[in-house]
file target_6.cif (mmCIF, C-alpha atoms)
data_work
#
loop_
_atom_site.label_atom_id
_atom_site.label_comp_id
_atom_site.auth_asym_id
_atom_site.auth_seq_id
_atom_site.Cartn_x
_atom_site.Cartn_y
_atom_site.Cartn_z
CA ILE P 15 -31.87 10.39 4.62
CA ARG P 16 -30.23 12.72 7.14
CA LEU P 17 -30.63 10.16 9.90
CA ALA P 18 -28.97 7.50 7.72
CA LEU P 19 -26.08 9.84 6.87
CA ASN P 20 -25.57 10.75 10.52
CA ALA P 21 -25.62 7.09 11.51
CA ALA P 22 -23.08 6.32 8.76
CA ARG P 23 -20.71 9.01 9.98
CA GLN P 24 -21.02 7.84 13.59
CA ALA P 25 -20.30 4.26 12.54
CA GLN P 26 -17.30 5.45 10.51
CA GLN P 27 -15.90 7.34 13.49
CA ALA P 28 -16.37 4.20 15.63
CA PHE P 29 -14.43 2.15 13.03
CA SER P 30 -17.58 0.16 12.21
CA PHE P 31 -16.93 0.32 8.48
CA ALA P 32 -19.37 -2.40 7.42
CA GLY P 33 -22.10 -0.63 9.38
CA ALA P 34 -21.14 2.71 7.85
CA GLU P 35 -21.37 1.22 4.36
CA SER P 36 -24.87 -0.09 5.11
CA TYR P 37 -26.06 3.32 6.32
CA PHE P 38 -24.52 5.17 3.36
CA SER P 39 -26.21 2.67 1.04
CA LEU P 40 -29.53 3.17 2.86
CA ALA P 41 -29.25 6.94 2.38
CA LEU P 42 -28.52 6.49 -1.32
CA ASP P 43 -31.45 4.10 -1.73
CA HIS P 44 -33.78 6.71 -0.23
CA LEU P 45 -32.26 9.44 -2.40
CA ASN P 46 -32.91 7.39 -5.51
CA SER P 47 -36.61 7.21 -4.61
CA VAL P 48 -36.98 10.97 -4.03
CA ASP P 49 -38.91 12.93 -6.64
CA ALA P 50 -37.69 16.49 -6.16
CA SER P 51 -39.31 18.82 -8.64
CA ASP P 52 -38.43 21.97 -6.72
CA PRO P 53 -34.97 23.33 -7.80
CA VAL P 54 -33.96 24.17 -4.23
CA GLU P 55 -34.87 20.68 -3.00
CA ARG P 56 -33.12 19.12 -5.98
CA LYS P 57 -29.93 20.98 -5.09
CA GLN P 58 -30.16 19.83 -1.46
CA TRP P 59 -30.66 16.20 -2.44
CA ALA P 60 -27.74 16.40 -4.90
CA ALA P 61 -25.46 17.61 -2.10
CA GLN P 62 -26.61 14.73 0.09
CA GLU P 63 -25.90 12.21 -2.69
CA ILE P 64 -22.38 13.57 -3.16
CA ALA P 65 -21.71 13.35 0.59
CA ALA P 66 -23.08 9.81 0.77
CA ARG P 67 -21.06 8.57 -2.19
CA LEU P 68 -17.85 10.19 -0.94
CA GLY P 69 -18.40 8.56 2.44
CA ARG P 70 -19.12 5.17 0.89
CA VAL P 71 -16.01 5.40 -1.30
CA ASP P 72 -13.92 5.90 1.84
CA VAL P 73 -15.39 2.96 3.77
CA ARG P 74 -15.26 0.69 0.71
CA HIS P 75 -11.60 1.65 0.32
CA VAL P 76 -10.90 0.46 3.87
CA LEU P 77 -13.02 -2.67 3.39
CA ALA P 78 -11.16 -3.35 0.10
CA GLU P 79 -14.42 -3.58 -1.88
CA ARG P 80 -12.74 -2.50 -5.09
CA SER P 81 -15.61 -3.01 -7.53
CA GLY P 82 -17.97 -1.01 -5.32
CA GLU P 83 -15.35 1.69 -4.83
CA ALA P 84 -14.89 1.97 -8.60
CA ALA P 85 -18.67 2.12 -9.16
CA ASP P 86 -19.06 4.99 -6.69
CA LEU P 87 -16.17 6.90 -8.25
CA ALA P 88 -17.79 6.50 -11.67
CA ALA P 89 -21.13 7.71 -10.30
CA LEU P 90 -19.48 10.75 -8.69
CA GLY P 91 -17.86 11.60 -12.01
CA SER P 92 -21.31 11.97 -13.57
CA LEU P 93 -22.63 14.38 -10.90
CA LEU P 94 -22.54 18.16 -11.02
CA LEU P 95 -19.71 19.01 -8.62
CA ASP P 96 -18.27 22.31 -7.44
CA GLU P 97 -14.50 22.78 -7.61
CA GLU P 98 -13.81 21.69 -4.02
CA GLN P 99 -15.94 18.58 -4.46
CA ARG P 100 -14.13 17.80 -7.71
CA VAL P 101 -10.80 17.93 -5.87
CA ALA P 102 -12.18 15.54 -3.23
CA VAL P 103 -13.37 13.07 -5.88
CA GLU P 104 -10.14 13.18 -7.88
CA ILE P 105 -8.02 12.61 -4.76
CA ARG P 106 -9.99 9.42 -4.16
CA ARG P 107 -9.70 8.42 -7.80
CA ALA P 108 -5.91 8.78 -7.70
CA ARG P 109 -5.82 6.79 -4.44
CA TYR P 110 -7.80 3.98 -6.08
CA GLN P 111 -5.57 4.01 -9.18
CA LEU P 112 -2.44 3.88 -7.03
CA LEU P 113 -3.70 0.97 -4.94
CA THR P 114 -4.76 -1.04 -7.99
CA GLY P 115 -1.36 -0.54 -9.63
CA ASP P 116 -2.31 1.88 -12.43
CA LEU P 117 0.61 4.23 -11.75
CA GLY P 118 0.36 6.06 -15.06
CA ALA P 119 -3.29 6.97 -14.52
CA ALA P 120 -2.61 7.84 -10.86
CA GLN P 121 0.20 10.20 -11.90
CA ALA P 122 -2.00 11.91 -14.51
CA THR P 123 -4.88 12.29 -12.05
CA VAL P 124 -2.78 13.66 -9.23
CA THR P 125 -0.98 16.12 -11.53
CA ALA P 126 -4.30 17.54 -12.72
CA VAL P 127 -5.87 17.73 -9.25
CA TYR P 128 -2.70 19.29 -7.80
CA GLN P 129 -2.94 22.13 -10.31
CA GLN P 130 -6.63 22.58 -9.52
CA ALA P 131 -6.08 22.53 -5.74
CA VAL P 132 -3.36 25.21 -6.01
CA ARG P 133 -5.49 27.34 -8.35
CA ILE P 134 -8.52 27.44 -6.04
CA GLY P 135 -6.49 27.53 -2.82
CA SER P 136 -8.01 24.26 -1.63
CA PRO P 137 -7.20 23.15 1.94
CA ALA P 138 -6.85 19.67 0.41
CA PHE P 139 -3.58 20.77 -1.21
CA ALA P 140 -1.55 18.85 1.38
CA ASP P 141 -3.57 15.66 0.80
CA VAL P 142 -2.76 15.91 -2.90
CA ALA P 143 0.94 16.43 -2.09
CA VAL P 144 0.89 13.27 0.05
CA LEU P 145 -0.58 11.29 -2.83
CA ALA P 146 2.01 12.73 -5.20
CA GLY P 147 4.70 11.60 -2.76
CA LYS P 148 3.27 8.08 -2.59
CA ILE P 149 3.22 7.82 -6.38
CA ALA P 150 6.79 9.11 -6.64
CA ARG P 151 7.83 6.51 -4.09
CA GLU P 152 6.22 3.73 -6.14
CA ARG P 153 8.01 5.04 -9.23
CA ASN P 154 11.38 4.83 -7.41
CA GLU P 155 11.81 8.61 -7.25
CA PRO P 156 12.80 9.10 -3.58
CA ALA P 157 13.92 12.73 -3.88
CA LEU P 158 10.58 13.75 -5.39
CA ALA P 159 8.70 11.62 -2.85
CA TYR P 160 10.53 13.33 0.01
CA LYS P 161 9.92 16.81 -1.46
CA ASN P 162 6.17 16.31 -1.82
CA ILE P 163 5.61 14.62 1.54
CA ALA P 164 7.80 17.12 3.42
CA ALA P 165 5.81 19.99 1.83
CA ALA P 166 2.59 18.35 3.02
CA GLN P 167 4.02 17.84 6.50
CA GLU P 168 4.95 21.53 6.76
CA HIS P 169 1.44 22.56 5.65
CA TYR P 170 -0.17 20.25 8.20
CA ARG P 171 2.00 21.64 10.98
CA GLN P 172 1.24 25.24 10.01
CA THR P 173 -2.49 24.50 10.14
CA ASP P 174 -2.23 22.55 13.44
CA ASP P 175 -3.37 19.36 11.75
CA SER P 176 -1.68 16.82 14.02
CA TRP P 177 -3.27 13.84 12.24
CA GLY P 178 -2.04 14.98 8.81
CA ALA P 179 1.42 15.70 10.21
CA ALA P 180 1.57 12.18 11.65
CA VAL P 181 0.57 10.69 8.27
CA ALA P 182 3.37 12.63 6.58
CA THR P 183 5.88 11.60 9.29
CA ASP P 184 5.01 7.92 8.76
CA LEU P 185 5.41 8.29 5.00
CA LEU P 186 8.77 10.02 5.39
CA GLY P 187 9.80 6.97 7.39
CA GLY P 188 8.90 4.90 4.32
CA VAL P 189 11.10 7.07 2.10
CA ALA P 190 13.98 6.63 4.56
CA TRP P 191 13.37 2.86 4.51
CA ASP P 192 13.56 2.82 0.71
CA GLN P 193 17.01 4.40 0.92
CA GLY P 194 18.29 1.99 3.57
CA GLU P 195 18.20 4.56 6.39
CA TYR P 196 16.56 2.11 8.76
CA ALA P 197 17.40 3.78 12.07
CA ARG P 198 15.87 7.04 10.83
CA ALA P 199 12.88 5.14 9.43
CA ALA P 200 12.28 3.42 12.79
CA SER P 201 12.40 6.77 14.58
CA LEU P 202 9.88 8.35 12.18
CA ASN P 203 7.52 5.36 12.18
CA GLY P 204 7.63 5.24 15.98
CA GLN P 205 6.87 8.96 16.22
CA ALA P 206 3.92 8.53 13.87
CA ALA P 207 2.52 5.54 15.80
CA ASP P 208 2.72 7.49 19.08
CA ALA P 209 1.03 10.51 17.48
CA PHE P 210 -1.83 8.40 16.11
CA ALA P 211 -2.28 6.68 19.48
CA ALA P 212 -2.46 10.09 21.19
CA VAL P 213 -5.38 11.20 19.02
CA ARG P 214 -7.03 7.73 19.04
CA LYS P 215 -6.60 7.13 15.30
CA LEU P 216 -6.35 3.37 15.73
CA MET P 217 -6.38 2.44 12.05
CA ARG P 218 -3.49 4.72 11.20
CA GLU P 219 -1.70 3.61 14.36
CA ALA P 220 -1.92 0.00 13.11
CA GLN P 221 -0.45 0.99 9.75
CA ALA P 222 2.39 2.91 11.41
CA LEU P 223 3.09 -0.09 13.65
CA ASN P 224 3.26 -2.34 10.59
CA ASN P 225 5.82 0.02 9.06
CA LEU P 226 7.76 0.12 12.32
CA GLY P 227 7.79 -3.68 12.48
CA SER P 228 9.18 -3.90 8.94
CA THR P 229 11.93 -1.46 9.86
CA LEU P 230 12.83 -3.36 13.04
CA TRP P 231 13.10 -6.48 10.86
CA GLU P 232 15.65 -4.70 8.66
CA LEU P 233 17.57 -3.70 11.79
CA GLY P 234 17.73 -7.34 12.90
CA ARG P 235 15.40 -6.78 15.86
CA TYR P 236 13.20 -9.72 14.89
CA LEU P 237 11.49 -10.52 18.18
CA GLU P 238 10.51 -6.87 18.65
CA ALA P 239 9.18 -6.84 15.09
CA ARG P 240 7.06 -9.93 15.77
CA VAL P 241 5.46 -8.35 18.85
CA ILE P 242 4.68 -5.19 16.88
CA HIS P 243 3.10 -7.10 13.96
CA GLU P 244 1.04 -9.35 16.25
CA ARG P 245 -0.30 -6.26 18.02
CA SER P 246 -1.10 -4.59 14.71
CA VAL P 247 -2.93 -7.66 13.35
CA LEU P 248 -5.29 -7.60 16.35
CA VAL P 249 -6.06 -3.90 15.83
CA CYS P 250 -6.66 -4.44 12.10
CA ARG P 251 -9.07 -7.31 12.76
CA GLU P 252 -10.94 -5.26 15.35
CA LEU P 253 -11.33 -2.42 12.83
CA GLY P 254 -12.04 -4.62 9.82
CA ASN P 255 -9.03 -3.26 7.93
CA ARG P 256 -8.24 -6.32 5.81
CA LEU P 257 -5.65 -4.57 3.64
CA SER P 258 -3.38 -3.77 6.58
CA GLU P 259 -4.18 -7.13 8.17
CA GLY P 260 -2.73 -8.84 5.10
CA ASP P 261 0.39 -6.69 5.26
CA ASN P 262 1.00 -7.57 8.90
CA ILE P 263 0.38 -11.31 8.46
CA ASP P 264 2.81 -11.34 5.55
CA ASN P 265 5.39 -9.55 7.69
CA LEU P 266 4.91 -12.12 10.46
CA GLY P 267 5.86 -14.67 7.81
CA GLY P 268 9.03 -12.68 7.20
CA VAL P 269 9.94 -12.83 10.88
CA ALA P 270 9.38 -16.60 10.97
CA TRP P 271 11.42 -16.99 7.77
CA VAL P 272 14.44 -15.13 9.08
CA LEU P 273 14.28 -17.11 12.35
CA GLY P 274 14.38 -20.34 10.35
CA ASP P 275 10.83 -21.52 11.15
CA TYR P 276 9.83 -22.25 7.55
CA THR P 277 6.67 -24.16 8.50
CA LEU P 278 5.32 -21.12 10.35
CA ALA P 279 6.51 -18.79 7.58
CA LEU P 280 4.64 -20.87 5.02
CA HIS P 281 1.49 -20.75 7.18
CA HIS P 282 1.62 -16.93 7.45
CA TYR P 283 2.43 -16.37 3.77
CA GLN P 284 -0.38 -18.66 2.62
CA ALA P 285 -2.84 -16.91 4.97
CA ALA P 286 -1.76 -13.50 3.68
CA LEU P 287 -2.06 -14.70 0.07
CA ARG P 288 -5.62 -15.97 0.61
CA LEU P 289 -6.68 -12.71 2.24
CA ARG P 290 -5.07 -10.56 -0.45
CA GLU P 291 -6.69 -12.59 -3.21
CA GLU P 292 -10.09 -12.18 -1.53
CA ILE P 293 -9.78 -8.37 -1.48
CA ASP P 294 -8.16 -8.17 -4.93
CA ASP P 295 -4.93 -6.60 -3.61
CA GLN P 296 -2.84 -7.41 -6.67
CA TRP P 297 0.34 -5.81 -5.39
CA GLY P 298 -0.04 -7.68 -2.10
CA VAL P 299 -0.64 -10.95 -3.97
CA SER P 300 2.62 -10.39 -5.85
CA ILE P 301 4.50 -9.89 -2.57
CA SER P 302 2.97 -12.98 -0.95
CA LEU P 303 3.81 -15.13 -3.99
CA SER P 304 7.45 -14.02 -4.02
CA ASN P 305 7.68 -14.66 -0.27
CA LEU P 306 6.18 -18.14 -0.71
CA GLY P 307 8.78 -18.72 -3.41
CA SER P 308 11.54 -17.86 -0.96
CA VAL P 309 10.26 -20.48 1.53
CA TYR P 310 10.04 -23.16 -1.18
CA GLN P 311 13.53 -22.22 -2.35
CA MET P 312 15.01 -22.49 1.14
CA THR P 313 13.39 -25.90 1.65
CA GLY P 314 14.60 -27.28 -1.69
CA GLN P 315 11.21 -27.24 -3.42
CA TYR P 316 12.63 -25.52 -6.48
CA GLU P 317 9.84 -26.11 -8.99
CA GLU P 318 7.27 -24.72 -6.56
CA ALA P 319 9.55 -21.75 -5.94
CA LEU P 320 9.92 -21.03 -9.66
CA ASP P 321 6.15 -21.25 -10.15
CA CYS P 322 5.52 -18.70 -7.37
CA TYR P 323 8.22 -16.38 -8.70
CA ALA P 324 6.81 -16.55 -12.24
CA ARG P 325 3.30 -15.64 -11.06
CA SER P 326 4.66 -12.86 -8.85
CA LEU P 327 6.76 -11.46 -11.68
CA VAL P 328 3.75 -11.09 -13.99
CA LEU P 329 1.85 -9.08 -11.36
CA SER P 330 4.89 -6.98 -10.47
CA GLN P 331 5.38 -6.07 -14.13
CA GLN P 332 1.70 -5.21 -14.47
CA VAL P 333 1.86 -2.68 -11.65
CA GLY P 334 5.19 -1.25 -12.84
CA ARG P 335 7.32 -2.12 -9.80
CA LYS P 336 10.77 -2.46 -11.35
CA ARG P 337 12.53 -2.71 -7.99
CA SER P 338 10.41 -5.72 -7.12
CA GLU P 339 10.74 -7.11 -10.63
CA ALA P 340 14.52 -7.04 -10.18
CA TYR P 341 14.23 -8.79 -6.80
CA ILE P 342 12.06 -11.58 -8.23
CA ILE P 343 14.37 -12.15 -11.21
CA HIS P 344 17.32 -12.24 -8.78
CA CYS P 345 15.49 -14.93 -6.78
CA GLN P 346 14.81 -16.88 -9.97
CA GLY P 347 18.52 -16.77 -10.76
CA GLN P 348 19.37 -17.86 -7.23
CA THR P 349 16.99 -20.81 -7.53
CA ARG P 350 18.43 -21.84 -10.90
CA LEU P 351 21.92 -21.69 -9.38
CA ALA P 352 20.82 -24.00 -6.56
CA MET P 353 19.38 -26.38 -9.16
CA GLY P 354 22.68 -26.40 -11.07
CA ASP P 355 21.14 -24.73 -14.14
CA LEU P 356 24.12 -22.39 -14.49
CA ASP P 357 23.38 -20.88 -17.91
CA ALA P 358 19.86 -19.90 -16.91
CA ALA P 359 21.13 -18.58 -13.58
CA GLN P 360 23.71 -16.38 -15.27
CA GLU P 361 21.19 -14.95 -17.73
CA LEU P 362 18.63 -14.17 -15.02
CA LEU P 363 21.18 -12.57 -12.70
CA HIS P 364 22.42 -10.31 -15.49
CA GLN P 365 18.81 -9.22 -16.06
CA ALA P 366 18.41 -8.50 -12.34
CA LEU P 367 21.71 -6.59 -12.29
CA ALA P 368 20.60 -4.38 -15.17
CA LEU P 369 17.23 -3.62 -13.55
CA ARG P 370 18.79 -2.85 -10.18
CA GLY P 371 21.19 -0.49 -11.86
CA GLU P 372 18.31 1.16 -13.72
CA VAL P 373 16.31 1.87 -10.55
CA GLY P 374 19.39 2.85 -8.53
CA ASP P 375 19.05 0.00 -6.04
CA ARG P 376 22.64 0.27 -4.86
CA LEU P 377 21.95 -1.68 -1.67
CA ARG P 378 21.06 -4.81 -3.67
CA LEU P 379 23.56 -4.55 -6.53
CA LEU P 380 26.33 -6.15 -4.47
CA GLU P 381 24.03 -9.07 -3.65
CA THR P 382 23.50 -9.82 -7.35
CA HIS P 383 27.18 -9.28 -8.18
CA THR P 384 28.08 -11.83 -5.49
CA LEU P 385 25.70 -14.44 -6.93
CA LEU P 386 27.10 -13.83 -10.41
CA LEU P 387 30.58 -14.49 -9.02
CA HIS P 388 29.40 -17.78 -7.51
CA THR P 389 27.80 -18.69 -10.83
CA ALA P 390 30.99 -17.92 -12.75
CA LEU P 391 33.02 -20.06 -10.34
CA ALA P 392 30.56 -22.95 -10.72
CA ARG P 393 30.74 -22.65 -14.52
CA GLY P 394 34.51 -22.66 -14.43
CA ASP P 395 34.69 -19.18 -15.97
CA ILE P 396 37.07 -18.15 -13.17
CA ALA P 397 40.09 -20.31 -12.48
#
call {"tool": "encode", "arguments": {"input": "target_6.cif", "output": "structure tokens"}}
result
Amino acid sequence: IRLALNAARQAQQAFSFAGAESYFSLALDHLNSVDASDPVERKQWAAQEIAARLGRVDVRHVLAERSGEAADLAALGSLLLDEEQRVAVEIRRARYQLLTGDLGAAQATVTAVYQQAVRIGSPAFADVAVLAGKIARERNEPALAYKNIAAAQEHYRQTDDSWGAAVATDLLGGVAWDQGEYARAASLNGQAADAFAAVRKLMREAQALNNLGSTLWELGRYLEARVIHERSVLVCRELGNRLSEGDNIDNLGGVAWVLGDYTLALHHYQAALRLREEIDDQWGVSISLSNLGSVYQMTGQYEEALDCYARSLVLSQQVGRKRSEAYIIHCQGQTRLAMGDLDAAQELLHQALALRGEVGDRLRLLETHTLLLHTALARGDIA
């Protein structure tokens, strides 16, 4: 059992996540066959099972094996855990809930574990604060997201945790991106990528590069963004990180789209959609569908565009992403306008305008107002 656990940890450190999963599973299989009647032995084996399941949760998270990840979390919930172990399990549970779009459950879990981590003085306090910041970001609460992530960053720096500080720096870049501060976001994402590279954390480096590429896209530096995303895709494939691979492929589609190569954009978006469907990344599927809709819209395939937008909207509503919901409805209105269906266009754009106002998306309000003006002119409402 100990040999299997050691082999699993070595494989994990070498980014061989499939191998690590096999070794963790081997350790658990042996543990299930152990008949420990002695109380001391029973306690030792219980500790080994907790370590093996926590490790397998982490590698299954990277490998996007959601059903297996959920099964291990359920099994951990039935074990006798000490307070520090309970914090570790609940952090992973909140991470799973966030990734699968259950924001309400993620918020409840992280609130409870935050209180517990503070009460027992857990060193995992900063990890909980990072998760709280991620959830606040998803809920369109940038001030709260910044507060939580900045608190985590300060804690990491005080404890000389350079890896944790780099994670927080990358996330603060995401908060800046949300608020349209793209130059600041690029600086923070670049700092994080360099920090991860310095400590040989290749998986996190790939994620930071993906974020940097997205920011360069917003700054109009499309060719630089493409190079960054292509580099990140190769790292993700080498590590077996399919979640980040899907993100980068989708972003390569965005670069092709903005450069007017709709055939290549369609290729990338379809590839990202297939991958995200395979790993059950529902939020990613929603993004890929809306991006496919934009290609169909630009190439005059309006019915195909509306179908993609409708499917994307359902998923976006399920995961509670109102900002994205507003974007998709705006695109539906834009498509209806192009089709000459002016009444439907006007109704959809008013819905998008209301949602964008609700979430405080000031950067996109003007875009919808402009389309409404075009719609009114086409309807003859404005002389």
call {"tool": "resolve_selection", "arguments": {"input": "target_6.cif", "expression": "the PyMOL selection byres ((chain P and resi 35) around 12)", "output": "PyMOL selection string"}}
result
chain P and resi 18-19+21-26+29-34+36-42+66-79+82-83+86
call {"tool": "residues_near_point", "arguments": {"input": "target_6.cif", "point": "(14.0, -12.5, 9.1)", "cutoff": "10 Å", "atoms": "only C-alpha atoms", "output": "count of residues only"}}
result
22
call {"tool": "residues_near_point", "arguments": {"input": "target_6.cif", "point": "(8.9, -2.2, -9.0)", "cutoff": "12 Å", "atoms": "all atoms listed in the file", "output": "PyMOL selection string"}}
result
chain P and resi 115+117+149-155+192+297+300-301+326-343+366+369-370+372-375
call {"tool": "residues_around", "arguments": {"input": "target_6.cif", "residues": "Asp357 in chain P", "least_positions_apart": "6", "cutoff": "9 Å", "atoms": "only C-alpha atoms", "output": "count of residues only"}}
result
4
call {"tool": "residues_around", "arguments": {"input": "target_6.cif", "residues": "Leu306 in chain P", "least_positions_apart": "6", "cutoff": "9 Å", "atoms": "all atoms listed in the file", "output": "count of residues only"}}
result
9
call {"tool": "closest_residue", "arguments": {"input": "target_6.cif", "among": "P:Ala140, P:Ala212, P:Val299, P:Gly204", "to": "Gly178 in chain P", "atoms": "only C-alpha atoms"}}
result
P:Ala140
